[in-house]
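Q: Would you mind keeping the following structure in view while I ask a few things?
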Amino acid sequence: MKLAIDTLGCEHARSGFGAYVLYFISNLPENLSENNIEIELFGTEVDRYTYTSGKEIAYTSIPVKDSLKAQRAWHKHKINKFVKKNHFDAVIYPAITKVLPNKFKNHIGIAIAHSIVSADLENESAGNRKKIIKGLKNVQKIISASQYIKDDLIKIGIDSKKITVIHSGIDHKLFFPELDFTNELVEISPFAIKRPYFIYASSLTNPLKKHIELIKAFELFKENTGLPHRLVLAGNDGDYAEEIHKAAFESKYATDIFLTGYFPAESISKLYCGAEACIFPSVNEGVGLPILEAMACGIPVIASEKGALKEIGGTSALYTDTDNIKLTAQAMQKIVEDKELRDKIVFDGILWAGEFNWEKTVSATLKNIMDSLK
């Protein structure tokens with residue numbers, strides 16, 4: 001079987017789509033040839049070495065402009081001829097809300113859904129929404145990163161029979177408990193963050209991430225306890241950043257609220273390990289891998305009871321209604337003061353997060369694709 005992975009629309013590995021390709025390639029099993037599987041990547045020339053992770057993976061460069069409009073046109077008019085010319089049996093499409101063919105000739109198309117498609121489509125024109133949904137209806141297989149995403153796909157008219165749930169993994173080489181945290185400061189260049197602190201790692205993109213509600217809950221926690229804790233918001237500025245920065249600046253506890261902006265992925269694990277707890281209040285997450293990363297680092301997690309977070313976190317997190325500021329503040333206080341609860345959540349979280357690994361994700365995905373070709 002000759003399997004191709006489409007890297008167009010993956011934003012040169014600077015998005016969740018691109019991260020999926022990176023982890024997929026780096027966790028490919030060594031015995032691919034023994035199982036009669038050949039992997040090849042295709043995309044723009046600039047990404048020839050972006051995703052290969054030091055592995056000898058064939059890469060075909062596509063003469064297309066580095067623009068979404070041009071790449072969508074290429075998928076509409078040229079993808080099927082390209083597939084036939086290169087003798088691909090199947091193609092994985094990771095960036096399904098960016099670039100996805102309407103028709104799949106000469107090959108099996110596998111769409112990877114690792115975000116809430118209906119929410120992504122809200123930012124598209126009516127014409128583009130129609131095209132993307134048509135592509136999803138025509139693609140032969142869809143790998144969904146959660147049951148929550150699968151249910152969302154079914155709601156927009158996609159046949160449930162062709163959707164398989166395969167949870168994504170986390171990088172356990174990066175996320176693991178660091179026990180040597182006796183210092184008052186966590187020093188991660190260019191930051192030095194004073195402990196104790198709560199951490200929320202998520203981009204500042206929309207109100208459903210609930211950054212402002214968390215800031216208000218933190219204020220209430222401080223008023224109720226008088227504790228010296230800080231709140232660290234780590235994530236890229238996005239469309240909602242101005243409102244969040246304003247709420248933090250105007251808070252009576254502004255000096256205890258730290259917005260880091262972009263935070264390097266290779267350093268985020270240390271930021272987790274030094275935290276009192278991870279708080280993840282977002283109410284519309286299709287996956288929520290950060291709560292698994294925090295669990296793997298050995299800290300307790302407080303998460304929203306909405307979206308896919310209960311599915312991903314299992315019984316290893318403290319869930320609350322993060323629209324309710326009072327309840328979130330109470331959960332923060334409980335995780336600090338109830339040592340027995342805290343120890344149990346930490347222990348259960350490390351075990352639970354260990355079940356989510358990329359080797360398992362890649363193996364299950366390849367098996368699913370192979371079964372499709374039988």
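Identifiers in this document derive from the order of the structure tokens: chains are assigned A, B, ..., residues are numbered from 1 separately in each chain, and ligands are numbered from 1 in order of occurrence.
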From a DSSP pass on the backbone, collect the residues of stretch 113-349 of chain A flagged as strand (DSSP E) and hand them back as a CSV table (one decimal) with all heavy atoms, in the first residue's frame.
A:
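Saved as result.csv:
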```csv
chain,number,residue,atom,x,y,z
A,113,ALA,N,-10.1,14.5,11.6
A,113,ALA,CA,-10.9,15.6,12.3
A,113,ALA,C,-10.4,15.7,13.7
A,113,ALA,O,-10.7,14.8,14.6
A,113,ALA,CB,-12.4,15.2,12.3
A,141,LYS,N,-13.3,7.8,4.4
A,141,LYS,CA,-13.1,7.5,5.8
A,141,LYS,C,-12.7,8.8,6.6
A,141,LYS,O,-12.1,9.7,6.0
A,141,LYS,CB,-11.9,6.5,6.1
A,141,LYS,CG,-12.2,5.1,5.6
A,141,LYS,CD,-11.3,4.1,6.3
A,141,LYS,CE,-11.6,4.0,7.8
A,141,LYS,NZ,-13.0,3.4,8.0
A,142,ILE,N,-13.2,8.9,7.8
A,142,ILE,CA,-12.8,10.0,8.7
A,142,ILE,C,-12.3,9.5,10.0
A,142,ILE,O,-13.0,8.6,10.7
A,142,ILE,CB,-14.0,10.9,9.0
A,142,ILE,CG1,-14.6,11.5,7.6
A,142,ILE,CG2,-13.7,12.1,9.9
A,142,ILE,CD1,-15.8,12.4,7.8
A,143,ILE,N,-11.2,9.9,10.4
A,143,ILE,CA,-10.6,9.6,11.7
A,143,ILE,C,-10.9,10.8,12.7
A,143,ILE,O,-10.4,11.9,12.4
A,143,ILE,CB,-9.1,9.3,11.7
A,143,ILE,CG1,-8.8,8.2,10.7
A,143,ILE,CG2,-8.6,9.0,13.1
A,143,ILE,CD1,-9.3,6.9,11.0
A,144,SER,N,-11.7,10.5,13.7
A,144,SER,CA,-12.1,11.6,14.6
A,144,SER,C,-11.3,11.4,15.9
A,144,SER,O,-11.1,10.4,16.5
A,144,SER,CB,-13.6,11.5,14.9
A,144,SER,OG,-13.9,12.4,16.0
A,163,ILE,N,-17.0,7.1,10.2
A,163,ILE,CA,-16.2,7.8,11.2
A,163,ILE,C,-15.7,6.9,12.3
A,163,ILE,O,-16.5,6.2,12.9
A,163,ILE,CB,-17.0,9.0,11.9
A,163,ILE,CG1,-17.7,9.9,10.8
A,163,ILE,CG2,-16.1,9.8,12.8
A,163,ILE,CD1,-18.7,10.9,11.4
A,164,THR,N,-14.4,6.8,12.5
A,164,THR,CA,-13.8,6.0,13.5
A,164,THR,C,-13.1,6.9,14.5
A,164,THR,O,-12.4,7.8,14.1
A,164,THR,CB,-12.8,5.1,12.9
A,164,THR,OG1,-13.4,4.2,12.0
A,164,THR,CG2,-12.1,4.2,14.0
A,165,VAL,N,-13.4,6.7,15.8
A,165,VAL,CA,-12.7,7.5,16.8
A,165,VAL,C,-11.4,6.9,17.2
A,165,VAL,O,-11.3,5.8,17.6
A,165,VAL,CB,-13.6,7.7,18.1
A,165,VAL,CG1,-12.9,8.4,19.2
A,165,VAL,CG2,-14.9,8.4,17.8
A,185,LEU,N,11.2,30.2,42.4
A,185,LEU,CA,11.0,30.7,41.0
A,185,LEU,C,11.1,29.5,40.0
A,185,LEU,O,12.0,28.6,40.2
A,185,LEU,CB,12.1,31.7,40.6
A,185,LEU,CG,12.0,33.1,41.3
A,185,LEU,CD1,13.2,34.0,40.9
A,185,LEU,CD2,10.7,33.8,41.0
A,186,VAL,N,10.3,29.5,39.0
A,186,VAL,CA,10.5,28.6,37.9
A,186,VAL,C,11.1,29.5,36.7
A,186,VAL,O,10.5,30.4,36.2
A,186,VAL,CB,9.1,28.1,37.4
A,186,VAL,CG1,9.3,27.2,36.2
A,186,VAL,CG2,8.5,27.2,38.5
A,187,GLU,N,12.3,29.2,36.4
A,187,GLU,CA,13.1,29.9,35.4
A,187,GLU,C,13.1,29.2,34.1
A,187,GLU,O,13.6,28.2,33.9
A,187,GLU,CB,14.5,30.2,35.9
A,187,GLU,CG,14.6,31.0,37.2
A,187,GLU,CD,16.0,31.5,37.5
A,187,GLU,OE1,16.7,31.9,36.6
A,187,GLU,OE2,16.4,31.3,38.7
A,188,ILE,N,12.3,29.8,33.2
A,188,ILE,CA,12.3,29.3,31.8
A,188,ILE,C,12.5,30.5,30.9
A,188,ILE,O,11.7,31.4,30.7
A,188,ILE,CB,10.9,28.7,31.5
A,188,ILE,CG1,10.5,27.7,32.6
A,188,ILE,CG2,10.9,28.0,30.1
A,188,ILE,CD1,9.0,27.3,32.5
A,191,PHE,N,11.6,33.8,30.9
A,191,PHE,CA,10.7,34.1,32.0
A,191,PHE,C,11.3,33.6,33.3
A,191,PHE,O,12.0,32.6,33.3
A,191,PHE,CB,9.3,33.5,31.8
A,191,PHE,CG,8.6,33.9,30.5
A,191,PHE,CD1,8.5,33.0,29.4
A,191,PHE,CD2,8.1,35.2,30.3
A,191,PHE,CE1,7.9,33.3,28.3
A,191,PHE,CE2,7.5,35.5,29.1
A,191,PHE,CZ,7.4,34.6,28.1
A,192,ALA,N,10.9,34.3,34.4
A,192,ALA,CA,11.1,33.8,35.8
A,192,ALA,C,9.8,34.0,36.5
A,192,ALA,O,9.4,35.1,36.8
A,192,ALA,CB,12.2,34.5,36.4
A,193,ILE,N,9.1,32.8,36.7
A,193,ILE,CA,7.7,32.9,37.3
A,193,ILE,C,7.7,32.5,38.7
A,193,ILE,O,8.2,31.4,39.1
A,193,ILE,CB,6.8,32.0,36.4
A,193,ILE,CG1,6.8,32.5,35.0
A,193,ILE,CG2,5.4,32.1,37.0
A,193,ILE,CD1,6.0,31.6,34.0
A,194,LYS,N,7.2,33.3,39.6
A,194,LYS,CA,7.2,33.1,41.0
A,194,LYS,C,6.0,32.1,41.3
A,194,LYS,O,4.9,32.2,40.9
A,194,LYS,CB,7.0,34.4,41.8
A,194,LYS,CG,7.1,34.2,43.3
A,194,LYS,CD,7.0,35.6,44.0
A,194,LYS,CE,7.2,35.4,45.5
A,194,LYS,NZ,7.1,36.8,46.1
A,197,TYR,N,1.5,29.1,41.5
A,197,TYR,CA,0.7,29.7,40.4
A,197,TYR,C,-0.2,28.6,39.8
A,197,TYR,O,0.1,27.4,39.8
A,197,TYR,CB,1.5,30.3,39.3
A,197,TYR,CG,2.5,29.4,38.6
A,197,TYR,CD1,2.1,28.7,37.5
A,197,TYR,CD2,3.8,29.4,39.0
A,197,TYR,CE1,3.0,27.8,36.9
A,197,TYR,CE2,4.7,28.5,38.4
A,197,TYR,CZ,4.3,27.8,37.3
A,197,TYR,OH,5.2,26.9,36.7
A,198,PHE,N,-1.4,29.1,39.2
A,198,PHE,CA,-2.2,28.2,38.4
A,198,PHE,C,-1.8,28.5,37.0
A,198,PHE,O,-1.5,29.6,36.6
A,198,PHE,CB,-3.7,28.6,38.6
A,198,PHE,CG,-4.2,28.3,40.0
A,198,PHE,CD1,-4.4,29.4,40.9
A,198,PHE,CD2,-4.5,27.1,40.4
A,198,PHE,CE1,-4.9,29.2,42.1
A,198,PHE,CE2,-5.0,26.9,41.7
A,198,PHE,CZ,-5.2,27.9,42.6
A,199,ILE,N,-1.9,27.5,36.1
A,199,ILE,CA,-1.6,27.6,34.7
A,199,ILE,C,-2.7,27.3,33.8
A,199,ILE,O,-3.4,26.3,34.0
A,199,ILE,CB,-0.3,26.7,34.4
A,199,ILE,CG1,0.0,26.8,32.9
A,199,ILE,CG2,-0.6,25.3,34.8
A,199,ILE,CD1,0.5,28.0,32.4
A,200,TYR,N,-3.0,28.2,32.8
A,200,TYR,CA,-3.9,27.9,31.7
A,200,TYR,C,-3.2,28.1,30.4
A,200,TYR,O,-2.8,29.3,30.1
A,200,TYR,CB,-5.2,28.8,31.8
A,200,TYR,CG,-6.2,28.6,30.7
A,200,TYR,CD1,-6.3,27.4,30.1
A,200,TYR,CD2,-7.0,29.6,30.4
A,200,TYR,CE1,-7.3,27.2,29.1
A,200,TYR,CE2,-8.0,29.5,29.4
A,200,TYR,CZ,-8.1,28.2,28.7
A,200,TYR,OH,-9.1,28.1,27.8
A,201,ALA,N,-2.9,27.1,29.7
A,201,ALA,CA,-2.2,27.2,28.4
A,201,ALA,C,-3.2,27.0,27.2
A,201,ALA,O,-3.6,25.9,26.9
A,201,ALA,CB,-1.1,26.1,28.3
A,230,ARG,N,-0.6,33.0,42.0
A,230,ARG,CA,-0.6,33.8,40.8
A,230,ARG,C,-1.4,33.0,39.7
A,230,ARG,O,-1.6,31.8,39.8
A,230,ARG,CB,0.8,34.2,40.3
A,230,ARG,CG,1.6,34.9,41.3
A,230,ARG,CD,3.0,35.2,40.8
A,230,ARG,NE,2.9,36.4,39.9
A,230,ARG,CZ,3.9,36.7,39.0
A,230,ARG,NH1,4.9,35.9,38.8
A,230,ARG,NH2,3.8,37.8,38.3
A,231,LEU,N,-1.8,33.7,38.6
A,231,LEU,CA,-2.4,33.1,37.5
A,231,LEU,C,-1.6,33.3,36.3
A,231,LEU,O,-1.3,34.5,35.9
A,231,LEU,CB,-3.8,33.7,37.3
A,231,LEU,CG,-4.6,33.2,36.1
A,231,LEU,CD1,-4.9,31.7,36.2
A,231,LEU,CD2,-5.9,33.9,35.9
A,232,VAL,N,-1.1,32.2,35.6
A,232,VAL,CA,-0.3,32.3,34.4
A,232,VAL,C,-1.1,31.9,33.2
A,232,VAL,O,-1.6,30.8,33.1
A,232,VAL,CB,0.9,31.5,34.5
A,232,VAL,CG1,1.7,31.5,33.2
A,232,VAL,CG2,1.8,31.9,35.7
A,233,LEU,N,-1.3,32.8,32.3
A,233,LEU,CA,-2.0,32.6,31.0
A,233,LEU,C,-1.0,32.5,29.9
A,233,LEU,O,-0.4,33.5,29.5
A,233,LEU,CB,-3.1,33.7,30.7
A,233,LEU,CG,-4.1,33.9,31.8
A,233,LEU,CD1,-5.0,35.1,31.5
A,233,LEU,CD2,-4.9,32.7,32.1
A,234,ALA,N,-0.8,31.2,29.4
A,234,ALA,CA,0.3,31.0,28.4
A,234,ALA,C,-0.4,30.7,27.1
A,234,ALA,O,-1.0,29.7,27.0
A,234,ALA,CB,1.2,29.9,28.9
A,257,ILE,N,-1.3,38.4,37.8
A,257,ILE,CA,-1.8,37.8,36.6
A,257,ILE,C,-0.7,38.0,35.5
A,257,ILE,O,-0.3,39.1,35.3
A,257,ILE,CB,-3.1,38.4,36.1
A,257,ILE,CG1,-4.2,38.1,37.2
A,257,ILE,CG2,-3.5,37.7,34.8
A,257,ILE,CD1,-5.5,38.8,36.9
A,258,PHE,N,-0.2,36.9,35.0
A,258,PHE,CA,1.0,36.9,34.1
A,258,PHE,C,0.6,36.3,32.7
A,258,PHE,O,0.2,35.2,32.7
A,258,PHE,CB,2.1,36.2,34.7
A,258,PHE,CG,3.4,36.2,34.0
A,258,PHE,CD1,3.7,37.3,33.1
A,258,PHE,CD2,4.4,35.2,34.1
A,258,PHE,CE1,4.9,37.4,32.4
A,258,PHE,CE2,5.6,35.2,33.4
A,258,PHE,CZ,5.9,36.3,32.6
A,259,LEU,N,0.6,37.1,31.7
A,259,LEU,CA,0.3,36.7,30.3
A,259,LEU,C,1.6,36.5,29.6
A,259,LEU,O,2.3,37.5,29.4
A,259,LEU,CB,-0.6,37.6,29.6
A,259,LEU,CG,-2.1,37.6,30.0
A,259,LEU,CD1,-2.3,38.7,31.1
A,259,LEU,CD2,-3.0,37.9,28.9
A,260,THR,N,2.0,35.3,29.2
A,260,THR,CA,3.3,35.1,28.6
A,260,THR,C,3.4,35.4,27.1
A,260,THR,O,4.5,35.5,26.6
A,260,THR,CB,3.7,33.6,28.9
A,260,THR,OG1,2.9,32.8,28.0
A,260,THR,CG2,3.6,33.2,30.3
A,261,GLY,N,2.2,35.4,26.5
A,261,GLY,CA,2.3,35.4,25.0
A,261,GLY,C,2.7,34.0,24.5
A,261,GLY,O,2.5,33.0,25.2
A,277,ALA,N,-1.6,23.9,39.9
A,277,ALA,CA,-2.7,23.1,39.2
A,277,ALA,C,-2.8,23.7,37.8
A,277,ALA,O,-2.5,24.9,37.5
A,277,ALA,CB,-4.0,23.1,39.9
A,278,CYS,N,-3.3,22.9,36.9
A,278,CYS,CA,-3.7,23.3,35.5
A,278,CYS,C,-5.2,23.6,35.6
A,278,CYS,O,-6.0,22.8,36.1
A,278,CYS,CB,-3.4,22.3,34.5
A,278,CYS,SG,-4.2,22.5,32.9
A,279,ILE,N,-5.6,24.8,35.1
A,279,ILE,CA,-7.1,25.0,35.0
A,279,ILE,C,-7.4,25.2,33.5
A,279,ILE,O,-6.7,25.9,32.8
A,279,ILE,CB,-7.5,26.3,35.7
A,279,ILE,CG1,-7.0,26.3,37.1
A,279,ILE,CG2,-9.0,26.5,35.6
A,279,ILE,CD1,-7.3,27.5,37.9
A,280,PHE,N,-8.4,24.4,33.0
A,280,PHE,CA,-8.7,24.5,31.6
A,280,PHE,C,-10.2,24.7,31.5
A,280,PHE,O,-11.0,23.8,31.4
A,280,PHE,CB,-8.3,23.2,30.9
A,280,PHE,CG,-8.0,23.3,29.5
A,280,PHE,CD1,-6.8,23.7,29.0
A,280,PHE,CD2,-9.0,23.1,28.5
A,280,PHE,CE1,-6.5,23.9,27.7
A,280,PHE,CE2,-8.8,23.2,27.1
A,280,PHE,CZ,-7.5,23.6,26.7
A,301,VAL,N,-5.7,18.7,37.7
A,301,VAL,CA,-6.3,19.5,36.6
A,301,VAL,C,-7.8,19.8,37.1
A,301,VAL,O,-8.5,19.0,37.5
A,301,VAL,CB,-6.4,18.6,35.3
A,301,VAL,CG1,-7.3,19.3,34.3
A,301,VAL,CG2,-5.0,18.5,34.7
A,302,ILE,N,-8.1,21.1,36.9
A,302,ILE,CA,-9.5,21.5,37.0
A,302,ILE,C,-10.0,21.9,35.6
A,302,ILE,O,-9.3,22.6,34.9
A,302,ILE,CB,-9.6,22.8,37.9
A,302,ILE,CG1,-9.1,22.5,39.3
A,302,ILE,CG2,-11.0,23.3,37.9
A,302,ILE,CD1,-8.9,23.8,40.1
A,303,ALA,N,-11.1,21.3,35.2
A,303,ALA,CA,-11.5,21.4,33.8
A,303,ALA,C,-13.0,21.7,33.7
A,303,ALA,O,-13.8,21.4,34.6
A,303,ALA,CB,-11.1,20.2,33.0
A,304,SER,N,-13.4,22.3,32.5
A,304,SER,CA,-14.8,22.5,32.2
A,304,SER,C,-15.5,21.2,32.1
A,304,SER,O,-14.9,20.2,31.6
A,304,SER,CB,-14.9,23.3,30.9
A,304,SER,OG,-16.2,23.3,30.5
A,318,LEU,N,-10.8,17.3,38.2
A,318,LEU,CA,-11.9,17.9,38.9
A,318,LEU,C,-12.7,18.8,38.0
A,318,LEU,O,-12.2,19.8,37.4
A,318,LEU,CB,-11.4,18.8,40.1
A,318,LEU,CG,-12.4,19.5,41.0
A,318,LEU,CD1,-13.3,18.5,41.6
A,318,LEU,CD2,-11.7,20.3,42.0
A,319,TYR,N,-13.9,18.5,37.7
A,319,TYR,CA,-14.7,19.2,36.7
A,319,TYR,C,-15.7,20.2,37.4
A,319,TYR,O,-16.2,20.0,38.5
A,319,TYR,CB,-15.5,18.2,35.8
A,319,TYR,CG,-14.7,17.3,35.1
A,319,TYR,CD1,-14.5,16.0,35.5
A,319,TYR,CD2,-14.1,17.6,33.9
A,319,TYR,CE1,-13.7,15.1,34.8
A,319,TYR,CE2,-13.3,16.8,33.2
A,319,TYR,CZ,-13.1,15.5,33.7
A,319,TYR,OH,-12.3,14.6,33.0
A,320,THR,N,-15.9,21.3,36.7
A,320,THR,CA,-16.8,22.3,37.2
A,320,THR,C,-17.5,23.1,36.0
A,320,THR,O,-17.0,23.0,34.9
A,320,THR,CB,-16.1,23.3,38.1
A,320,THR,OG1,-17.0,24.1,38.8
A,320,THR,CG2,-15.1,24.1,37.3
```
Q: Give me, as a PyMOL selection string, all polymer residues having an atom no more than 8 Å from A:Val91, counting only C-alpha atoms and skipping those fewer than 6 positions away in the same chain.
A: chain A and resi 3-6+107-110
Q: Can those selected residues be exported to a file as a CSV table (one decimal), in the first residue's frame so that it contains N, CA and C atoms?
A:
```
chain,number,residue,atom,x,y,z
A,3,LEU,N,0.8,5.0,0.8
A,3,LEU,CA,0.0,6.0,1.6
A,3,LEU,C,0.7,7.3,1.5
A,4,ALA,N,-0.1,8.4,1.1
A,4,ALA,CA,0.5,9.7,1.1
A,4,ALA,C,-0.2,10.6,2.2
A,5,ILE,N,0.6,11.6,2.7
A,5,ILE,CA,0.0,12.5,3.6
A,5,ILE,C,0.1,13.9,3.0
A,6,ASP,N,-1.0,14.6,3.0
A,6,ASP,CA,-1.1,16.0,2.4
A,6,ASP,C,-0.7,17.0,3.5
A,107,HIS,N,-8.3,6.8,-5.4
A,107,HIS,CA,-7.7,6.6,-4.1
A,107,HIS,C,-8.7,6.6,-3.0
A,108,ILE,N,-8.4,6.1,-1.8
A,108,ILE,CA,-9.2,6.3,-0.6
A,108,ILE,C,-8.7,7.5,0.1
A,109,GLY,N,-9.7,8.4,0.4
A,109,GLY,CA,-9.4,9.6,1.1
A,109,GLY,C,-9.6,9.4,2.6
A,110,ILE,N,-8.7,9.8,3.4
A,110,ILE,CA,-8.9,9.7,4.9
A,110,ILE,C,-8.7,11.1,5.5
```
Q: Between atom CA of A:Tyr253 and atom CA of A:Thr225, measure the distance and give it in Å to one decimal.
A: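 Answer for the atom CA of A:Tyr253 to atom CA of A:Thr225 separation: 13.3 Å.
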Q: Need to verify the contact set: A:Lys69, 10 Å, only C-alpha atoms, exclusion of same-chain residues closer than 5 positions in sequence. Can you return it as a VMD selection string?
A: chain A and resid 74 98 to 99
Q: Determine the nearest neighbour of A:Pro29 from the options A:Asp321, A:Glu359, A:Asp239, A:Asp371, counting only C-alpha atoms.
A: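 Looking at the shortest contact to A:Pro29, the residue is A:Glu359.
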Q: So which residues touch A:Thr52 within 12 Å, counting only C-alpha atoms, skipping near sequence neighbours fewer than 4 positions away, as an NGL selection string?
A: :A and (5 or 7 or 13 or 18-19 or 21-28 or 39-42 or 47-48 or 56-59)
Q: Give me the residues within 12 Å of A:Ile212 as a PyMOL selection string, counting only C-alpha atoms and dropping any in the same chain fewer than 5 places off.
A: chain A and resi 200+204-207+217-219+231+233+240-251+257+281-282+322-325
Q: Could you give me, as a VMD selection string, each residue of stretch 32-240 of chain A that DSSP assigns to helix (DSSP H, G or I) when run on this structure's backbone?
A: chain A and resid 33 to 35 45 to 47 68 to 77 79 to 86 117 to 121 126 to 138 147 to 155 160 to 162 207 to 209 211 to 225
